[in-house]
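Chemist: Provided herewith: coords-v4.cif, mmCIF, C-alpha atoms.
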```
data_run
loop_
_atom_site.group_PDB
_atom_site.id
_atom_site.type_symbol
_atom_site.label_atom_id
_atom_site.label_comp_id
_atom_site.auth_asym_id
_atom_site.auth_seq_id
_atom_site.Cartn_x
_atom_site.Cartn_y
_atom_site.Cartn_z
ATOM 1 C CA GLY A 1111 -8.614 -9.656 -25.187
ATOM 2 C CA ALA A 1112 -6.627 -8.419 -22.252
ATOM 3 C CA THR A 1113 -4.830 -10.023 -19.319
ATOM 4 C CA LEU A 1114 -4.254 -7.935 -16.194
ATOM 5 C CA LYS A 1115 -1.680 -8.411 -13.459
ATOM 6 C CA ASN A 1116 -1.172 -6.139 -10.455
ATOM 7 C CA THR A 1117 1.955 -6.318 -8.305
ATOM 8 C CA ILE A 1118 2.885 -4.683 -5.002
ATOM 9 C CA LYS A 1119 6.593 -3.820 -4.692
ATOM 10 C CA PRO A 1120 8.548 -3.381 -1.410
ATOM 11 C CA GLY A 1121 8.037 -0.114 0.442
ATOM 12 C CA PHE A 1122 8.777 1.270 3.904
ATOM 13 C CA GLN A 1123 7.278 3.209 6.780
ATOM 14 C CA VAL A 1124 8.798 5.223 9.585
ATOM 15 C CA GLY A 1125 7.069 6.813 12.529
ATOM 16 C CA PHE A 1126 6.168 6.547 16.187
ATOM 17 C CA GLY A 1127 3.379 5.248 18.350
ATOM 18 C CA VAL A 1128 1.890 5.413 21.813
ATOM 19 C CA GLU A 1129 0.134 2.557 23.559
ATOM 20 C CA ARG A 1130 -1.802 2.316 26.773
ATOM 21 C CA TYR A 1131 -3.260 -0.563 28.726
ATOM 22 C CA MET A 1132 -7.037 -0.290 28.934
ATOM 23 C CA SER A 1133 -7.185 -3.401 31.112
ATOM 24 C CA ARG A 1134 -4.711 -6.095 32.125
ATOM 25 C CA LYS A 1135 -4.617 -7.658 28.620
ATOM 26 C CA LEU A 1136 -6.244 -5.076 26.319
ATOM 27 C CA LEU A 1137 -4.218 -2.215 24.811
ATOM 28 C CA ILE A 1138 -5.018 0.768 22.608
ATOM 29 C CA HIS A 1139 -2.381 1.958 20.115
ATOM 30 C CA ILE A 1140 -2.251 5.312 18.336
ATOM 31 C CA GLU A 1141 0.473 5.725 15.727
ATOM 32 C CA ALA A 1142 1.623 8.230 13.130
ATOM 33 C CA TYR A 1143 4.015 7.502 10.316
ATOM 34 C CA LEU A 1144 5.195 8.351 6.851
ATOM 35 C CA ALA A 1145 4.851 5.510 4.341
ATOM 36 C CA TYR A 1146 6.109 4.827 0.830
ATOM 37 C CA SER A 1147 4.411 2.239 -1.400
ATOM 38 C CA LYS A 1148 5.155 1.143 -4.937
ATOM 39 C CA TYR A 1149 2.936 -0.975 -7.166
ATOM 40 C CA LEU A 1150 2.626 -1.910 -10.820
ATOM 41 C CA PHE A 1151 -0.275 -2.517 -13.184
ATOM 42 C CA LEU A 1152 0.595 -4.727 -16.163
ATOM 43 C CA GLU A 1153 -1.765 -5.347 -19.071
ATOM 44 C CA GLU A 1154 -1.228 -7.707 -21.981
ATOM 45 C CA ILE A 1155 -3.491 -6.776 -24.905
ATOM 46 C CA THR A 1156 -4.052 -9.212 -27.781
ATOM 47 C CA TYR A 1157 -5.102 -8.054 -31.270
ATOM 48 C CA GLY A 1158 -5.409 -11.149 -33.495
ATOM 49 C CA ASN A 1159 -1.898 -12.656 -33.425
ATOM 50 C CA ALA A 1160 -0.241 -9.461 -32.154
ATOM 51 C CA ARG A 1161 0.354 -8.631 -28.497
ATOM 52 C CA LYS A 1162 1.083 -5.332 -26.821
ATOM 53 C CA TYR A 1163 2.230 -4.851 -23.228
ATOM 54 C CA VAL A 1164 1.336 -1.781 -21.179
ATOM 55 C CA SER A 1165 2.572 -1.121 -17.653
ATOM 56 C CA PHE A 1166 1.867 1.699 -15.230
ATOM 57 C CA SER A 1167 4.069 1.967 -12.132
ATOM 58 C CA GLU A 1168 3.005 4.168 -9.213
ATOM 59 C CA LYS A 1169 4.939 5.534 -6.239
ATOM 60 C CA LEU A 1170 2.729 6.628 -3.353
ATOM 61 C CA TYR A 1171 3.702 8.702 -0.307
ATOM 62 C CA THR A 1172 1.279 8.996 2.613
ATOM 63 C CA VAL A 1173 0.959 10.231 6.188
ATOM 64 C CA GLU A 1174 -0.932 7.545 8.111
ATOM 65 C CA LEU A 1175 -2.753 7.530 11.441
ATOM 66 C CA PRO A 1176 -3.574 3.966 12.557
ATOM 67 C CA LEU A 1177 -5.729 3.289 15.627
ATOM 68 C CA THR A 1178 -5.619 -0.328 16.783
ATOM 69 C CA PHE A 1179 -6.659 -2.428 19.746
ATOM 70 C CA SER A 1180 -4.682 -5.466 20.806
ATOM 71 C CA TYR A 1181 -5.139 -8.381 23.136
ATOM 72 C CA GLU A 1182 -1.995 -9.631 24.878
ATOM 73 C CA PHE A 1183 -1.364 -12.978 26.509
ATOM 74 C CA THR A 1184 1.868 -14.190 28.086
ATOM 75 C CA ILE A 1185 3.647 -17.531 28.076
ATOM 76 C CA ASN A 1186 6.800 -17.452 30.238
ATOM 77 C CA LYS A 1187 8.439 -14.077 29.413
ATOM 78 C CA THR A 1188 7.040 -13.913 25.873
ATOM 79 C CA HIS A 1189 4.042 -11.677 25.162
ATOM 80 C CA PHE A 1190 1.858 -12.685 22.195
ATOM 81 C CA ILE A 1191 -0.400 -10.036 20.661
ATOM 82 C CA THR A 1192 -3.381 -10.070 18.316
ATOM 83 C CA ARG A 1193 -4.431 -6.757 16.791
ATOM 84 C CA ALA A 1194 -7.352 -5.150 14.934
ATOM 85 C CA GLY A 1195 -8.138 -1.575 13.997
ATOM 86 C CA PHE A 1196 -8.452 1.122 11.389
ATOM 87 C CA SER A 1197 -6.136 3.474 9.494
ATOM 88 C CA ALA A 1198 -6.713 6.807 7.761
ATOM 89 C CA ALA A 1199 -3.978 7.987 5.392
ATOM 90 C CA ARG A 1200 -3.549 11.266 3.521
ATOM 91 C CA ILE A 1201 -1.757 11.132 0.180
ATOM 92 C CA THR A 1202 1.155 13.588 0.233
ATOM 93 C CA GLY A 1203 2.541 12.671 -3.182
ATOM 94 C CA ILE A 1204 1.938 10.187 -5.978
ATOM 95 C CA THR A 1205 3.669 9.719 -9.320
ATOM 96 C CA GLY A 1206 3.024 7.409 -12.249
ATOM 97 C CA LEU A 1207 5.316 6.053 -14.953
ATOM 98 C CA PRO A 1208 3.733 4.501 -18.072
ATOM 99 C CA GLU A 1209 5.576 2.106 -20.406
ATOM 100 C CA ARG A 1210 4.599 0.036 -23.401
ATOM 101 C CA LYS A 1211 6.221 -2.519 -25.637
ATOM 102 C CA PHE A 1212 5.053 -4.236 -28.789
ATOM 103 C CA ASP A 1213 6.485 -7.672 -28.019
ATOM 104 C CA GLU A 1214 7.290 -9.546 -24.819
ATOM 105 C CA ASP A 1215 11.034 -9.498 -25.617
ATOM 106 C CA ALA A 1216 11.115 -5.929 -26.996
ATOM 107 C CA GLN A 1217 12.679 -2.958 -25.232
ATOM 108 C CA PRO A 1218 10.018 -0.959 -23.357
ATOM 109 C CA ILE A 1219 9.150 2.540 -24.531
ATOM 110 C CA PRO A 1220 8.930 4.612 -21.338
ATOM 111 C CA GLY A 1221 6.839 7.695 -20.834
ATOM 112 C CA ALA A 1222 7.648 10.531 -18.484
ATOM 113 C CA THR A 1223 7.112 10.262 -14.740
ATOM 114 C CA GLN A 1224 4.180 12.500 -13.866
ATOM 115 C CA ASP A 1225 2.334 13.745 -10.808
ATOM 116 C CA ILE A 1226 -1.004 11.890 -10.803
ATOM 117 C CA SER A 1227 -2.432 13.295 -7.562
ATOM 118 C CA GLU A 1228 -5.413 14.866 -9.366
ATOM 119 C CA TYR A 1229 -6.405 11.361 -10.558
ATOM 120 C CA ARG A 1230 -6.455 9.933 -7.012
ATOM 121 C CA LYS A 1231 -8.604 10.622 -3.970
ATOM 122 C CA GLN A 1232 -6.682 12.308 -1.180
ATOM 123 C CA MET A 1233 -7.674 9.905 1.632
ATOM 124 C CA ILE A 1234 -7.113 6.152 1.932
ATOM 125 C CA TYR A 1235 -8.994 4.124 4.557
ATOM 126 C CA SER A 1236 -7.964 0.635 5.636
ATOM 127 C CA GLY A 1237 -8.901 -2.054 8.119
ATOM 128 C CA ILE A 1238 -5.990 -3.572 10.048
ATOM 129 C CA VAL A 1239 -5.473 -7.080 11.443
ATOM 130 C CA GLY A 1240 -2.246 -8.457 12.815
ATOM 131 C CA ALA A 1241 -0.271 -10.496 15.278
ATOM 132 C CA GLY A 1242 2.998 -10.055 17.043
ATOM 133 C CA VAL A 1243 5.337 -11.164 19.764
ATOM 134 C CA ARG A 1244 7.354 -9.227 22.382
ATOM 135 C CA TYR A 1245 10.129 -10.530 24.546
ATOM 136 C CA LYS A 1246 11.644 -8.671 27.503
ATOM 137 C CA VAL A 1247 15.417 -8.370 27.486
ATOM 138 C CA PRO A 1248 17.678 -6.392 29.834
ATOM 139 C CA ARG A 1249 16.979 -2.672 29.277
ATOM 140 C CA GLY A 1250 14.273 -3.151 26.641
ATOM 141 C CA ILE A 1251 11.957 -5.281 24.568
ATOM 142 C CA VAL A 1252 12.527 -7.137 21.312
ATOM 143 C CA TYR A 1253 9.413 -7.332 19.140
ATOM 144 C CA LEU A 1254 8.087 -8.672 15.871
ATOM 145 C CA ASP A 1255 4.815 -7.315 14.422
ATOM 146 C CA LEU A 1256 3.033 -8.599 11.289
ATOM 147 C CA ARG A 1257 0.070 -6.597 9.953
ATOM 148 C CA ALA A 1258 -2.265 -6.788 6.997
ATOM 149 C CA LYS A 1259 -4.047 -3.632 5.865
ATOM 150 C CA VAL A 1260 -7.120 -4.162 3.718
ATOM 151 C CA GLY A 1261 -8.194 -1.188 1.615
ATOM 152 C CA ILE A 1262 -11.749 -0.024 2.259
ATOM 153 C CA ASN A 1263 -12.159 2.701 -0.363
ATOM 154 C CA ASN A 1264 -11.404 3.086 -4.062
ATOM 155 C CA ILE A 1265 -8.504 5.545 -4.366
ATOM 156 C CA VAL A 1266 -9.101 6.447 -8.038
ATOM 157 C CA ASN A 1267 -10.869 9.759 -8.636
ATOM 158 C CA SER A 1268 -13.505 8.284 -10.971
ATOM 159 C CA GLU A 1269 -14.573 11.695 -12.300
ATOM 160 C CA LYS A 1270 -11.027 12.299 -13.637
ATOM 161 C CA ARG A 1271 -10.417 8.746 -14.950
ATOM 162 C CA ILE A 1272 -10.389 9.764 -18.620
ATOM 163 C CA ASP A 1273 -8.711 13.170 -18.208
ATOM 164 C CA ASN A 1274 -5.099 11.934 -18.519
ATOM 165 C CA GLU A 1275 -5.068 12.121 -22.323
ATOM 166 C CA THR A 1276 -1.302 11.571 -22.726
ATOM 167 C CA VAL A 1277 -1.349 8.226 -20.893
ATOM 168 C CA ILE A 1278 -4.563 7.096 -22.575
ATOM 169 C CA THR A 1279 -3.518 8.097 -26.117
ATOM 170 C CA ASN A 1280 0.176 7.128 -26.042
ATOM 171 C CA PHE A 1281 0.091 4.146 -23.667
ATOM 172 C CA HIS A 1282 -3.522 2.890 -23.826
ATOM 173 C CA HIS A 1283 -3.841 2.886 -20.028
ATOM 174 C CA ILE A 1284 -7.043 3.909 -18.240
ATOM 175 C CA ASP A 1285 -7.257 3.607 -14.461
ATOM 176 C CA ASP A 1286 -9.437 0.865 -13.051
ATOM 177 C CA ASP A 1287 -10.959 1.321 -9.612
ATOM 178 C CA PHE A 1288 -8.717 -0.129 -6.922
ATOM 179 C CA SER A 1289 -7.940 -0.081 -3.225
ATOM 180 C CA LEU A 1290 -4.599 -0.902 -1.626
ATOM 181 C CA ASN A 1291 -3.949 -4.024 0.421
ATOM 182 C CA THR A 1292 -0.567 -4.265 2.112
ATOM 183 C CA LEU A 1293 1.357 -6.608 4.352
ATOM 184 C CA SER A 1294 3.957 -5.151 6.707
ATOM 185 C CA LEU A 1295 6.542 -6.635 9.015
ATOM 186 C CA SER A 1296 8.110 -4.551 11.784
ATOM 187 C CA VAL A 1297 11.067 -5.658 13.872
ATOM 188 C CA GLY A 1298 12.565 -3.696 16.740
#
```
Using structure tokens, write down the structure from this file.

Modeler:
Amino acid sequence: GATLKNTIKPGFQVGFGVERYMSRKLLIHIEAYLAYSKYLFLEEITYGNARKYVSFSEKLYTVELPLTFSYEFTINKTHFITRAGFSAARITGITGLPERKFDEDAQPIPGATQDISEYRKQMIYSGIVGAGVRYKVPRGIVYLDLRAKVGINNIVNSEKRIDNETVITNFHHIDDDFSLNTLSLSVG
């Protein structure tokens, strides 16, 4: 049998955005940013009484273009915001690092980091929901923005799934279909 565990690691994003009031409380936001994500697939495989552990860590670099709409309401000088929208991201780089070990306490046997862009689709689509708060201060605004992005599409190139012979043969890892879900917190 096999036990699977997937983990998202901390990442970052940097970019800029433009917003415009469409009405007194409704805004449209267009943003562009570079993002870095890291995640890990861990598989525990049991053969009789023996166990083997296989992990595959990925580092993903994207250029993202989110389009969101927000509704703003104010209590005293604090502006509360709810948000919904869509994001399209282009993969600009992605690497994978396989590892295996023959016992939970054993030293891992790492593979080589490799470019896995041919095994991934080039575009990632996500739905966005979020909430935030803005507070006016002298000469600016302090804000806090929490967003969840829910992956819409599978990012694995299914036609190439079994083409990475080194990872399959040496590390017993074959890509499953997956989409990326992320949670981000912005402060400024």

Chemist: Which residues are close to Ile1238 in chain A, i.e. within 9 Å by only C-alpha atoms, leaving aside same-chain residues fewer than 3 positions away? Reply as a PyMOL selection string.

Modeler: chain A and resi 1176-1178+1193-1197+1257-1260

Chemist: Can you build me a table of range 1157-1187 of chain A residues sitting at most 12 Å from range 1242-1255 of chain A, with the closest atom pair per residue and its distance in Å to one decimal, using all atoms listed in the file, sorted by chain and residue number, as a tab-separated table?

Modeler:
```
residue	atom	partner	partner_atom	distance
A:Ser1180	CA	A:Gly1242	CA	9.7
A:Tyr1181	CA	A:Gly1242	CA	10.3
A:Glu1182	CA	A:Val1243	CA	9.1
A:Phe1183	CA	A:Val1243	CA	9.7
A:Thr1184	CA	A:Arg1244	CA	9.3
A:Ile1185	CA	A:Tyr1245	CA	10.2
A:Asn1186	CA	A:Tyr1245	CA	9.6
A:Lys1187	CA	A:Tyr1245	CA	6.3
```

Chemist: Please evaluate the PyMOL selection byres ((chain A and resi 1280) around 10) against the displayed coordinates and give the resulting residues as a list of chain:residue names.

Modeler: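 In the shown coordinates, the PyMOL selection byres ((chain A and resi 1280) around 10) covers A:Pro1208, A:Glu1209, A:Arg1210, A:Gly1221, A:Glu1275, A:Thr1276, A:Val1277, A:Ile1278, A:Thr1279, A:Phe1281, A:His1282, A:His1283.
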
Chemist: Please compute the CA of Ile1284 in chain A-CA of Gly1203 in chain A distance, one decimal, in Å.

Modeler: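 One can read the CA of Ile1284 in chain A to CA of Gly1203 in chain A distance as 19.9 Å.
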
Chemist: Suppose a student applies the PyMOL selection byres ((chain A and resi 1111) around 10) to this structure; what residues should they get, written as an NGL selection string?

Modeler: :A and (1112-1113 or 1154-1158 or 1161)

Chemist: Smallest atom-to-atom distance to Ser1165 in chain A: which of A:Leu1114, A:Ala1199, A:Ile1191, A:Val1128, using all atoms listed in the file?

Modeler: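 Checking each candidate against Ser1165 in chain A, we get A:Leu1114 as the closest.
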
Chemist: Give me the residues near Ser1167 in chain A as number ranges by chain, where near means some atom within 10 Å (using all atoms listed in the file) and where sequence neighbours in that chain fewer than 6 positions away do not count.

Modeler: A: 1116-1119, 1148-1152, 1205-1209, 1223

Chemist: Please measure the separation of CA of Asn1291 in chain A and CA of Gln1224 in chain A, giving the value in Å to one decimal.

Modeler: 23.3 Å

Chemist: Pick out the closest residue to Leu1136 in chain A from this set: A:Ile1265, A:Glu1174, A:Phe1190, A:Asp1225. Count only C-alpha atoms.

Modeler: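 Comparing A:Ile1265, A:Glu1174, A:Phe1190, A:Asp1225 against Leu1136 in chain A, the winner is A:Phe1190.
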
Chemist: Could you tell me how far CA of Gln1123 in chain A lies from CA of Ala1241 in chain A, in Å and to one decimal?

Modeler: 17.8 Å

Chemist: When the PyMOL selection byres ((chain A and resi 1127) around 12) is applied to the structure above, which residues does it catch, written out as a list in words?

Modeler: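 The output of the PyMOL selection byres ((chain A and resi 1127) around 12) on this file is Val1124, Gly1125, Phe1126, Val1128, Glu1129, Arg1130, Ile1138, His1139, Ile1140, Glu1141, Ala1142, Tyr1143, Glu1174, Leu1175, Pro1176, Leu1177 and Thr1178 of chain A.
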
Chemist: For Glu1153 in chain A, which residue among A:Lys1231, A:Lys1115, A:Lys1270, A:Arg1200 is the nearest when counting only C-alpha atoms?

Modeler: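 Closest residue, counting only C-alpha atoms: A:Lys1115.
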
Chemist: Using all atoms listed in the file, which of the listed residues (A:Gly1237, A:Gly1298, A:Pro1220, A:Gly1261) sits closest to Val1164 in chain A?

Modeler: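 Under the stated criterion, the closest residue is A:Pro1220.
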